[in-house]
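*Asks:* Contents of upload.tsv (TSV, C-alpha atoms) are below:
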```tsv
chain	number	residue	atom	x	y	z
A	1	MET	CA	38.94	1.95	145.05
A	2	THR	CA	41.96	3.22	143.13
A	3	ILE	CA	41.75	4.46	139.58
A	4	ASP	CA	44.65	3.60	137.25
A	5	PRO	CA	46.43	6.40	135.37
A	6	ILE	CA	45.35	5.37	131.84
A	7	PRO	CA	41.59	5.36	132.57
A	8	MET	CA	42.10	8.61	134.44
A	9	VAL	CA	43.58	10.26	131.32
A	10	PHE	CA	40.71	8.98	129.15
A	11	ILE	CA	38.08	10.18	131.62
A	12	THR	CA	39.67	13.60	132.09
A	13	VAL	CA	39.89	14.23	128.33
A	14	GLY	CA	36.33	12.99	127.88
A	15	LEU	CA	34.99	15.27	130.59
A	16	LEU	CA	36.77	18.26	129.07
A	17	PHE	CA	35.23	17.47	125.67
A	18	ASP	CA	31.80	17.33	127.36
A	19	LEU	CA	32.39	20.78	128.82
A	20	LEU	CA	33.57	22.19	125.46
A	21	GLY	CA	30.50	20.80	123.74
A	22	CYS	CA	28.22	22.48	126.23
A	23	ILE	CA	30.09	25.76	125.89
A	24	GLY	CA	29.47	25.45	122.15
A	25	LEU	CA	25.79	24.82	122.88
A	26	VAL	CA	25.62	28.19	124.62
A	27	ARG	CA	27.93	30.28	122.43
A	28	LEU	CA	27.11	29.39	118.82
A	29	PRO	CA	24.49	31.44	116.99
A	30	ASP	CA	21.80	29.12	115.58
A	31	VAL	CA	20.29	25.69	116.21
A	32	TYR	CA	22.18	23.95	113.40
A	33	ASN	CA	25.61	25.03	114.63
A	34	ARG	CA	24.63	24.25	118.20
A	35	ALA	CA	23.50	20.74	117.32
A	36	GLN	CA	26.71	20.30	115.38
A	37	ALA	CA	29.14	21.28	118.16
A	38	ALA	CA	27.17	19.76	121.00
A	39	THR	CA	26.53	16.40	119.34
A	40	LYS	CA	30.10	15.88	118.20
A	41	CYS	CA	31.88	16.94	121.36
A	42	VAL	CA	29.48	15.33	123.84
A	43	THR	CA	29.36	12.05	121.92
A	44	LEU	CA	33.15	11.78	121.81
A	45	GLY	CA	33.42	12.93	125.42
A	46	THR	CA	30.96	10.34	126.72
A	47	CYS	CA	32.57	7.64	124.58
A	48	LEU	CA	35.98	8.46	126.06
A	49	VAL	CA	34.56	8.32	129.59
A	50	LEU	CA	33.00	4.92	128.82
A	51	ILE	CA	36.31	3.69	127.35
A	52	GLY	CA	37.96	4.84	130.56
A	53	VAL	CA	35.47	2.84	132.64
A	54	ALA	CA	36.00	-0.20	130.40
A	55	ALA	CA	39.79	0.14	130.74
A	56	GLN	CA	39.47	0.44	134.52
A	57	PHE	CA	37.38	-2.70	134.97
A	58	GLY	CA	38.86	-4.83	132.17
A	59	VAL	CA	37.02	-7.88	130.87
A	60	SER	CA	34.21	-8.18	133.41
A	61	ALA	CA	30.49	-7.50	133.51
A	62	LEU	CA	31.12	-3.79	134.01
A	63	GLY	CA	33.74	-3.42	131.29
A	64	ILE	CA	31.64	-5.21	128.67
A	65	LYS	CA	28.59	-3.17	129.62
A	66	ALA	CA	30.59	0.04	129.26
A	67	LEU	CA	31.73	-0.98	125.76
A	68	LEU	CA	28.17	-1.91	124.73
A	69	CYS	CA	26.93	1.39	126.09
A	70	MET	CA	29.61	3.16	124.03
A	71	ILE	CA	28.40	1.42	120.89
A	72	PHE	CA	24.79	2.42	121.66
A	73	VAL	CA	25.74	6.06	122.24
A	74	LEU	CA	27.85	6.09	119.08
A	75	PHE	CA	24.94	4.80	116.98
A	76	THR	CA	22.04	6.68	118.53
A	77	SER	CA	23.48	10.16	119.07
A	78	PRO	CA	24.08	11.13	115.40
A	79	VAL	CA	20.67	9.76	114.41
A	80	GLY	CA	19.03	11.87	117.10
A	81	ALA	CA	20.88	15.00	115.99
A	82	HIS	CA	19.96	14.34	112.37
A	83	ALA	CA	16.29	13.94	113.29
A	84	ILE	CA	16.25	17.14	115.35
A	85	VAL	CA	17.97	19.21	112.64
A	86	ARG	CA	15.61	17.90	109.98
A	87	GLY	CA	12.66	18.65	112.22
A	88	ALA	CA	14.03	22.12	112.92
A	89	TYR	CA	14.38	22.88	109.22
A	90	ARG	CA	10.92	21.52	108.39
A	91	SER	CA	9.37	23.52	111.23
A	92	GLY	CA	10.77	26.69	109.67
A	93	VAL	CA	13.68	27.74	111.88
A	94	LYS	CA	15.78	30.25	109.94
A	95	MET	CA	19.51	29.80	109.52
A	96	TRP	CA	21.95	32.30	111.02
A	97	GLY	CA	22.41	35.53	109.04
A	98	GLY	CA	26.06	34.78	108.27
A	99	SER	CA	25.28	31.50	106.49
A	100	VAL	CA	26.84	31.08	103.06
A	101	VAL	CA	24.68	28.68	101.05
A	102	ASP	CA	21.41	26.81	101.55
A	103	ALA	CA	20.92	24.00	99.05
A	104	TYR	CA	18.08	22.48	101.06
A	105	ALA	CA	15.65	25.42	100.79
A	106	ASP	CA	13.96	24.43	97.51
A	107	VAL	CA	13.60	20.78	98.58
A	108	ALA	CA	11.89	21.73	101.83
A	109	ALA	CA	9.66	24.19	99.98
A	110	SER	CA	8.51	21.57	97.44
A	111	GLU	CA	7.83	19.07	100.26
A	112	GLN	CA	5.71	21.70	101.98
A	113	GLU	CA	3.61	22.18	98.86
A	114	LYS	CA	3.06	18.46	98.44
A	115	SER	CA	1.77	17.90	101.95
B	1	MET	CA	43.63	11.96	145.39
B	2	ILE	CA	40.78	9.67	144.36
B	3	PRO	CA	37.94	11.64	145.99
B	4	GLY	CA	39.54	14.72	144.39
B	5	PHE	CA	39.32	13.15	140.95
B	6	ILE	CA	35.71	12.08	141.45
B	7	SER	CA	34.69	15.54	142.62
B	8	PHE	CA	36.52	17.06	139.64
B	9	GLY	CA	34.46	14.84	137.35
B	10	VAL	CA	31.20	15.68	139.07
B	11	ALA	CA	32.06	19.39	138.98
B	12	VAL	CA	32.79	19.37	135.23
B	13	LEU	CA	29.62	17.41	134.48
B	14	LEU	CA	27.53	19.72	136.67
B	15	ALA	CA	28.94	22.77	134.88
B	16	SER	CA	28.04	21.18	131.52
B	17	ALA	CA	24.57	20.32	132.77
B	18	PHE	CA	24.01	23.90	133.90
B	19	LEU	CA	25.07	25.19	130.47
B	20	CYS	CA	22.49	22.81	128.96
B	21	LEU	CA	19.85	24.03	131.40
B	22	PHE	CA	20.65	27.61	130.42
B	23	ARG	CA	19.99	26.70	126.79
B	24	ILE	CA	16.79	24.87	127.71
B	25	SER	CA	15.43	27.84	129.63
B	26	ARG	CA	16.56	30.57	127.21
B	27	GLY	CA	16.52	28.77	123.85
B	28	PRO	CA	14.74	31.07	121.41
B	29	THR	CA	13.17	28.23	119.40
B	30	PRO	CA	11.80	24.76	120.30
B	31	PRO	CA	14.58	22.88	118.39
B	32	ASP	CA	17.21	24.63	120.55
B	33	ARG	CA	15.59	23.20	123.63
B	34	THR	CA	15.29	19.77	122.04
B	35	VAL	CA	19.01	19.69	121.21
B	36	ALA	CA	19.82	20.69	124.78
B	37	ILE	CA	17.56	17.95	126.18
B	38	ASP	CA	19.26	15.39	123.94
B	39	ILE	CA	22.68	16.52	125.16
B	40	LEU	CA	21.51	16.41	128.77
B	41	GLY	CA	20.50	12.79	128.22
B	42	THR	CA	24.00	11.94	127.00
B	43	LEU	CA	25.54	13.78	129.95
B	44	VAL	CA	23.55	11.60	132.35
B	45	VAL	CA	25.34	8.58	130.88
B	46	GLY	CA	28.62	10.28	131.80
B	47	PHE	CA	27.28	10.91	135.31
B	48	CYS	CA	26.48	7.21	135.66
B	49	CYS	CA	30.06	6.36	134.66
B	50	VAL	CA	31.56	8.71	137.24
B	51	LEU	CA	29.25	7.38	139.96
B	52	CYS	CA	30.14	3.83	138.94
B	53	LEU	CA	33.83	4.66	139.37
B	54	ALA	CA	33.18	6.33	142.71
B	55	THR	CA	31.20	3.47	144.23
B	56	GLY	CA	32.21	0.40	142.21
B	57	LEU	CA	28.58	-0.74	142.04
B	58	ASP	CA	27.69	-2.29	138.72
B	59	PHE	CA	24.03	-1.34	138.47
B	60	PHE	CA	25.05	2.20	137.46
B	61	MET	CA	26.14	0.79	134.10
B	62	ASN	CA	22.72	-0.81	133.61
B	63	ILE	CA	21.18	2.59	134.27
B	64	ALA	CA	23.57	4.15	131.74
B	65	ILE	CA	22.59	1.69	128.98
B	66	ALA	CA	18.87	2.05	129.65
B	67	TRP	CA	19.17	5.83	129.80
B	68	ALA	CA	21.09	6.02	126.52
B	69	LEU	CA	18.44	4.02	124.67
B	70	ILE	CA	15.41	5.67	126.23
B	71	SER	CA	16.70	9.20	125.76
B	72	PHE	CA	17.26	8.30	122.09
B	73	ILE	CA	13.61	7.27	121.76
B	74	GLY	CA	12.53	10.48	123.48
B	75	THR	CA	14.66	12.54	121.12
B	76	ILE	CA	13.20	10.86	118.06
B	77	ALA	CA	9.68	11.42	119.37
B	78	LEU	CA	10.37	15.12	119.99
B	79	ALA	CA	11.96	15.50	116.54
B	80	LYS	CA	8.94	13.90	114.91
B	81	HIS	CA	6.70	16.25	116.84
B	82	LEU	CA	8.79	19.22	115.62
B	83	GLU	CA	8.38	18.07	112.06
B	84	GLY	CA	4.62	18.11	112.55
B	85	ARG	CA	4.06	14.40	111.92
B	86	HIS	CA	2.19	11.82	113.96
B	87	PHE	CA	3.74	8.88	115.72
B	88	ASP	CA	2.27	6.27	113.38
B	89	ASP	CA	3.58	8.01	110.27
C	1	MET	CA	17.82	-18.02	107.88
C	2	LYS	CA	17.15	-14.38	108.62
C	3	GLN	CA	15.26	-15.25	111.78
C	4	LEU	CA	18.00	-17.62	112.91
C	5	LEU	CA	20.73	-14.99	112.48
C	6	SER	CA	18.78	-12.33	114.37
C	7	CYS	CA	18.01	-14.87	117.10
C	8	VAL	CA	21.72	-15.70	117.53
C	9	LEU	CA	22.68	-12.01	117.57
C	10	THR	CA	20.05	-11.19	120.18
C	11	LEU	CA	21.14	-14.13	122.32
C	12	MET	CA	24.78	-12.97	122.16
C	13	LEU	CA	23.75	-9.47	123.23
C	14	TRP	CA	21.73	-10.95	126.09
C	15	LEU	CA	24.65	-13.07	127.28
C	16	LEU	CA	27.02	-10.09	127.15
C	17	LEU	CA	24.60	-7.94	129.12
C	18	THR	CA	23.74	-10.45	131.82
C	19	TRP	CA	27.32	-11.82	131.95
C	20	SER	CA	26.33	-15.04	133.64
C	21	LEU	CA	26.08	-18.64	132.43
C	22	ALA	CA	23.46	-19.85	134.90
C	23	PRO	CA	20.97	-22.18	133.17
C	24	SER	CA	17.98	-20.05	134.11
C	25	ASP	CA	19.56	-16.95	132.52
C	26	ILE	CA	20.37	-18.82	129.32
C	27	ALA	CA	16.86	-20.28	129.13
C	28	ALA	CA	15.27	-16.84	129.53
C	29	GLY	CA	17.66	-15.47	126.89
C	30	VAL	CA	16.77	-18.19	124.37
C	31	PHE	CA	13.06	-17.61	124.94
C	32	PHE	CA	13.26	-13.83	124.51
C	33	SER	CA	15.56	-13.97	121.49
C	34	ILE	CA	13.18	-16.36	119.71
C	35	VAL	CA	10.26	-14.02	120.45
C	36	ILE	CA	12.23	-11.00	119.23
C	37	ALA	CA	13.45	-12.80	116.11
C	38	VAL	CA	9.92	-13.79	115.13
C	39	VAL	CA	8.42	-10.38	115.82
C	40	LEU	CA	11.16	-8.12	114.46
C	41	SER	CA	12.75	-10.12	111.64
C	42	ASP	CA	11.46	-7.65	109.03
C	43	ILE	CA	13.92	-4.92	109.95
C	44	TYR	CA	17.02	-7.02	109.31
C	45	PRO	CA	18.77	-6.70	105.92
C	46	ASP	CA	17.78	-9.09	103.17
C	47	ASN	CA	21.12	-10.74	102.49
C	48	PRO	CA	22.28	-12.30	105.76
C	49	GLN	CA	24.94	-14.41	104.04
C	50	ALA	CA	26.87	-11.19	103.36
C	51	ALA	CA	27.66	-11.01	107.07
C	52	PHE	CA	29.93	-14.05	106.77
C	53	GLU	CA	32.36	-12.74	104.15
C	54	PRO	CA	35.69	-12.21	105.93
C	55	ARG	CA	36.75	-9.47	103.51
C	56	ARG	CA	33.96	-7.18	104.71
C	57	TRP	CA	34.97	-7.76	108.30
C	58	PHE	CA	38.56	-6.88	107.41
C	59	TRP	CA	37.51	-3.54	105.91
C	60	ALA	CA	35.21	-2.89	108.86
C	61	ALA	CA	38.18	-3.42	111.17
C	62	VAL	CA	40.18	-0.95	109.04
C	63	TYR	CA	37.31	1.52	109.15
C	64	VAL	CA	37.05	1.78	112.94
C	65	PRO	CA	40.48	3.36	113.69
C	66	TYR	CA	40.26	5.46	110.51
C	67	PHE	CA	36.90	6.78	111.69
C	68	PHE	CA	38.17	7.45	115.21
C	69	TYR	CA	41.12	9.44	113.84
C	70	TYR	CA	38.78	11.70	111.87
C	71	MET	CA	36.38	11.94	114.82
C	72	VAL	CA	39.08	13.18	117.20
C	73	ARG	CA	40.34	15.63	114.56
C	74	ALA	CA	36.80	16.90	114.04
C	75	ASN	CA	36.34	17.44	117.74
C	76	LEU	CA	39.56	19.39	118.10
C	77	ASP	CA	38.50	21.51	115.11
C	78	VAL	CA	35.04	22.22	116.55
C	79	ALA	CA	36.47	22.85	120.03
C	80	TYR	CA	38.90	25.37	118.51
C	81	ARG	CA	36.03	27.17	116.77
C	82	VAL	CA	33.98	27.21	119.97
C	83	VAL	CA	36.62	28.65	122.29
C	84	HIS	CA	38.04	31.11	119.73
C	85	PRO	CA	36.81	34.59	120.71
C	86	ASP	CA	35.74	35.51	117.15
C	87	MET	CA	34.05	32.15	116.35
C	88	PRO	CA	35.44	31.62	112.82
C	89	ILE	CA	32.41	29.85	111.33
C	90	ARG	CA	30.88	30.04	107.82
C	91	PRO	CA	27.84	27.75	108.08
C	92	GLY	CA	25.70	26.58	105.18
C	93	ILE	CA	23.79	23.59	103.85
C	94	VAL	CA	25.38	21.92	100.83
C	95	LYS	CA	24.23	19.08	98.59
C	96	VAL	CA	26.58	16.19	97.90
C	97	ARG	CA	26.12	12.99	95.90
C	98	THR	CA	26.81	9.48	97.09
C	99	THR	CA	27.31	6.37	95.00
C	100	LEU	CA	26.56	3.98	97.87
C	101	LYS	CA	23.57	1.70	97.38
C	102	GLY	CA	21.53	0.15	100.16
C	103	ASP	CA	20.07	1.59	103.33
C	104	LEU	CA	22.65	0.19	105.74
C	105	GLY	CA	25.59	1.69	103.85
C	106	ARG	CA	23.90	5.06	103.57
C	107	THR	CA	23.03	5.06	107.25
C	108	ALA	CA	26.65	4.35	108.11
C	109	LEU	CA	27.77	7.13	105.77
C	110	ALA	CA	25.32	9.64	107.22
C	111	ASN	CA	26.34	8.77	110.79
C	112	SER	CA	30.02	9.06	109.90
C	113	ILE	CA	29.40	12.45	108.30
C	114	THR	CA	27.56	13.66	111.38
C	115	LEU	CA	30.40	12.74	113.72
C	116	THR	CA	33.27	14.11	111.61
C	117	PRO	CA	34.80	17.39	110.50
C	118	GLY	CA	32.27	20.15	110.88
C	119	THR	CA	29.45	18.39	109.03
C	120	LEU	CA	25.98	17.18	110.03
C	121	SER	CA	23.69	15.31	107.66
C	122	VAL	CA	20.24	16.88	107.40
C	123	ASP	CA	18.42	14.68	104.89
C	124	ILE	CA	18.87	11.98	102.28
C	125	ILE	CA	16.75	12.09	99.14
C	126	ASP	CA	17.64	9.38	96.59
C	127	ASP	CA	21.34	9.88	95.83
C	128	CYS	CA	21.69	13.31	97.37
C	129	LEU	CA	22.84	14.00	100.90
C	130	TYR	CA	22.06	17.40	102.33
C	131	VAL	CA	24.82	18.31	104.75
C	132	HIS	CA	25.08	21.20	107.16
C	133	TRP	CA	28.69	22.35	107.10
C	134	ILE	CA	30.07	24.60	109.81
C	135	ASN	CA	32.84	26.03	107.63
C	136	VAL	CA	31.93	26.09	103.94
C	137	SER	CA	35.37	26.34	102.33
C	138	THR	CA	34.29	25.93	98.70
C	139	LEU	CA	31.11	26.51	96.73
C	140	ASP	CA	31.99	24.02	93.98
C	141	ALA	CA	29.82	20.89	94.10
C	142	GLU	CA	32.55	18.49	92.93
C	143	GLU	CA	35.03	19.71	95.49
C	144	GLN	CA	32.42	19.54	98.25
C	145	THR	CA	31.74	15.91	97.41
C	146	MET	CA	35.48	15.21	97.46
C	147	LEU	CA	35.94	16.84	100.84
C	148	ILE	CA	32.93	15.44	102.68
C	149	VAL	CA	31.98	12.07	101.22
C	150	GLU	CA	35.00	10.64	99.41
C	151	LYS	CA	37.17	9.63	102.35
C	152	PHE	CA	34.47	7.47	103.97
C	153	GLU	CA	32.84	6.20	100.81
C	154	ARG	CA	36.11	4.63	99.66
C	155	ILE	CA	36.07	2.18	102.57
C	156	LEU	CA	32.31	1.88	103.15
C	157	LYS	CA	31.91	0.75	99.54
C	158	LYS	CA	34.06	-2.26	100.31
C	159	ILE	CA	32.10	-3.10	103.46
C	160	PHE	CA	28.53	-2.78	102.23
C	161	ARG	CA	28.93	-2.83	98.41
```
How does the structure come out when it is put into structure tokens?
*Replies:*
Amino acid sequence: MTIDPIPMVFITVGLLFDLLGCIGLVRLPDVYNRAQAATKCVTLGTCLVLIGVAAQFGVSALGIKALLCMIFVLFTSPVGAHAIVRGAYRSGVKMWGGSVVDAYADVAASEQEKS
Amino acid sequence: MIPGFISFGVAVLLASAFLCLFRISRGPTPPDRTVAIDILGTLVVGFCCVLCLATGLDFFMNIAIAWALISFIGTIALAKHLEGRHFDD
Amino acid sequence: MKQLLSCVLTLMLWLLLTWSLAPSDIAAGVFFSIVIAVVLSDIYPDNPQAAFEPRRWFWAAVYVPYFFYYMVRANLDVAYRVVHPDMPIRPGIVKVRTTLKGDLGRTALANSITLTPGTLSVDIIDDCLYVHWINVSTLDAEEQTMLIVEKFERILKKIFR
């Protein structure tokens, strides 16, 4: 089958964002920054790929499924990242040495005492 | 041209997946690995899209939807485990 | 009312996913959406009539492109920080206040914050959002709230109220 130019542009940009997100996953110094870069870039990248698929197939079973899948990814991915980061902080992973402020430290400490 | 584009897509996604695997194997702390697993789950959705374009079969999209939702549930379960809580909390 | 709305929504989702109008498919869809509506109606919001106000839908339609613009900008920003050889990051967790009421609005706000410029929401306790920021540009609480929350809250307030 032939792929039209517009979906091709969407898919190429999306794939490059995926790659950048994974480079960020490897390069950045601590889990919070990694979750940050990886979640943002990979979510947008996958959404762009799904938009490309939807644009390629138009209004059909495949196109609608791609759009629904995009909505699912867009809703679930930030919630997952939020849960992991919260879990990481509660399980006592230290922030990177170059961090500037930490407003969450006293909250987490008081929660620890309560439980 | 078209097989070239598909193999470009598969190559980029494989490179990303290997970077994730590197983080899973070397991650100094458990949350690092969990983040990488979550990202790998999202990358599989991208793989399904590329395969769907390559073959034109529509069941790849069903796999993508199911994978997106189930990997989300897995991520939440792992995050809850990291936090030290039980599943019925 | 609540059950009926959730039943209709589930049935619409089913029809979109199966993408066929065969009688057997529709019958199965009606059966499963009634079961799901009865079992899961607790998790739907309490004021279903709010979903029919056209003004909210208008602001939601405004919000989507606005959100996508910030999302693409955020990604270019993060991509620049990742590929830059020196990695110009100043991470930190800051505390910002939100005036949004209601769980749905706050969830939307937290998700928007996670996907946009250099910020990732860590926790919500009452009115306070704890946000991990990849490039802390100011230590002043007011200015932080302006920079992170304000631009989404303005529109989300009109959608969820």
*Asks:* Near chain B, meaning an atom within 12 Å, which residues of chain C appear when counting all atoms listed in the file? Write them as number ranges by chain.
*Replies:* C: 17-19
*Asks:* Compile the residues of chain C that lie within 8 Å of chain A, evaluated using only C-alpha atoms, and express the compilation as a PyMOL selection string.
*Replies:* chain C and resi 16-19+71-72+74-75+78-79+82-83+87+90-95+111+114-116+118-123+130+132+134+136
*Asks:* To one decimal in Å, tell me the separation between atom CA of Ile113 of chain C and atom CA of Ala68 of chain B.
*Replies:*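 Atom CA of Ile113 of chain C sits 21.0 Å away from atom CA of Ala68 of chain B.
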*Asks:* Which residue out of A:Gln56, A:Thr12, A:Thr2, A:Thr46 has the minimum interatomic distance to Phe47 of chain B when only C-alpha atoms are used?
*Replies:*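 Going through A:Gln56, A:Thr12, A:Thr2, A:Thr46 one by one, the smallest distance to Phe47 of chain B is for A:Thr46.
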*Asks:* Kindly indicate which residue among B:Ile70, B:Val50, B:Leu82, B:Leu40 lies nearest to chain A, using all atoms listed in the file for the distances.
*Replies:*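 So, comparing all the options, the nearest one is B:Leu82.
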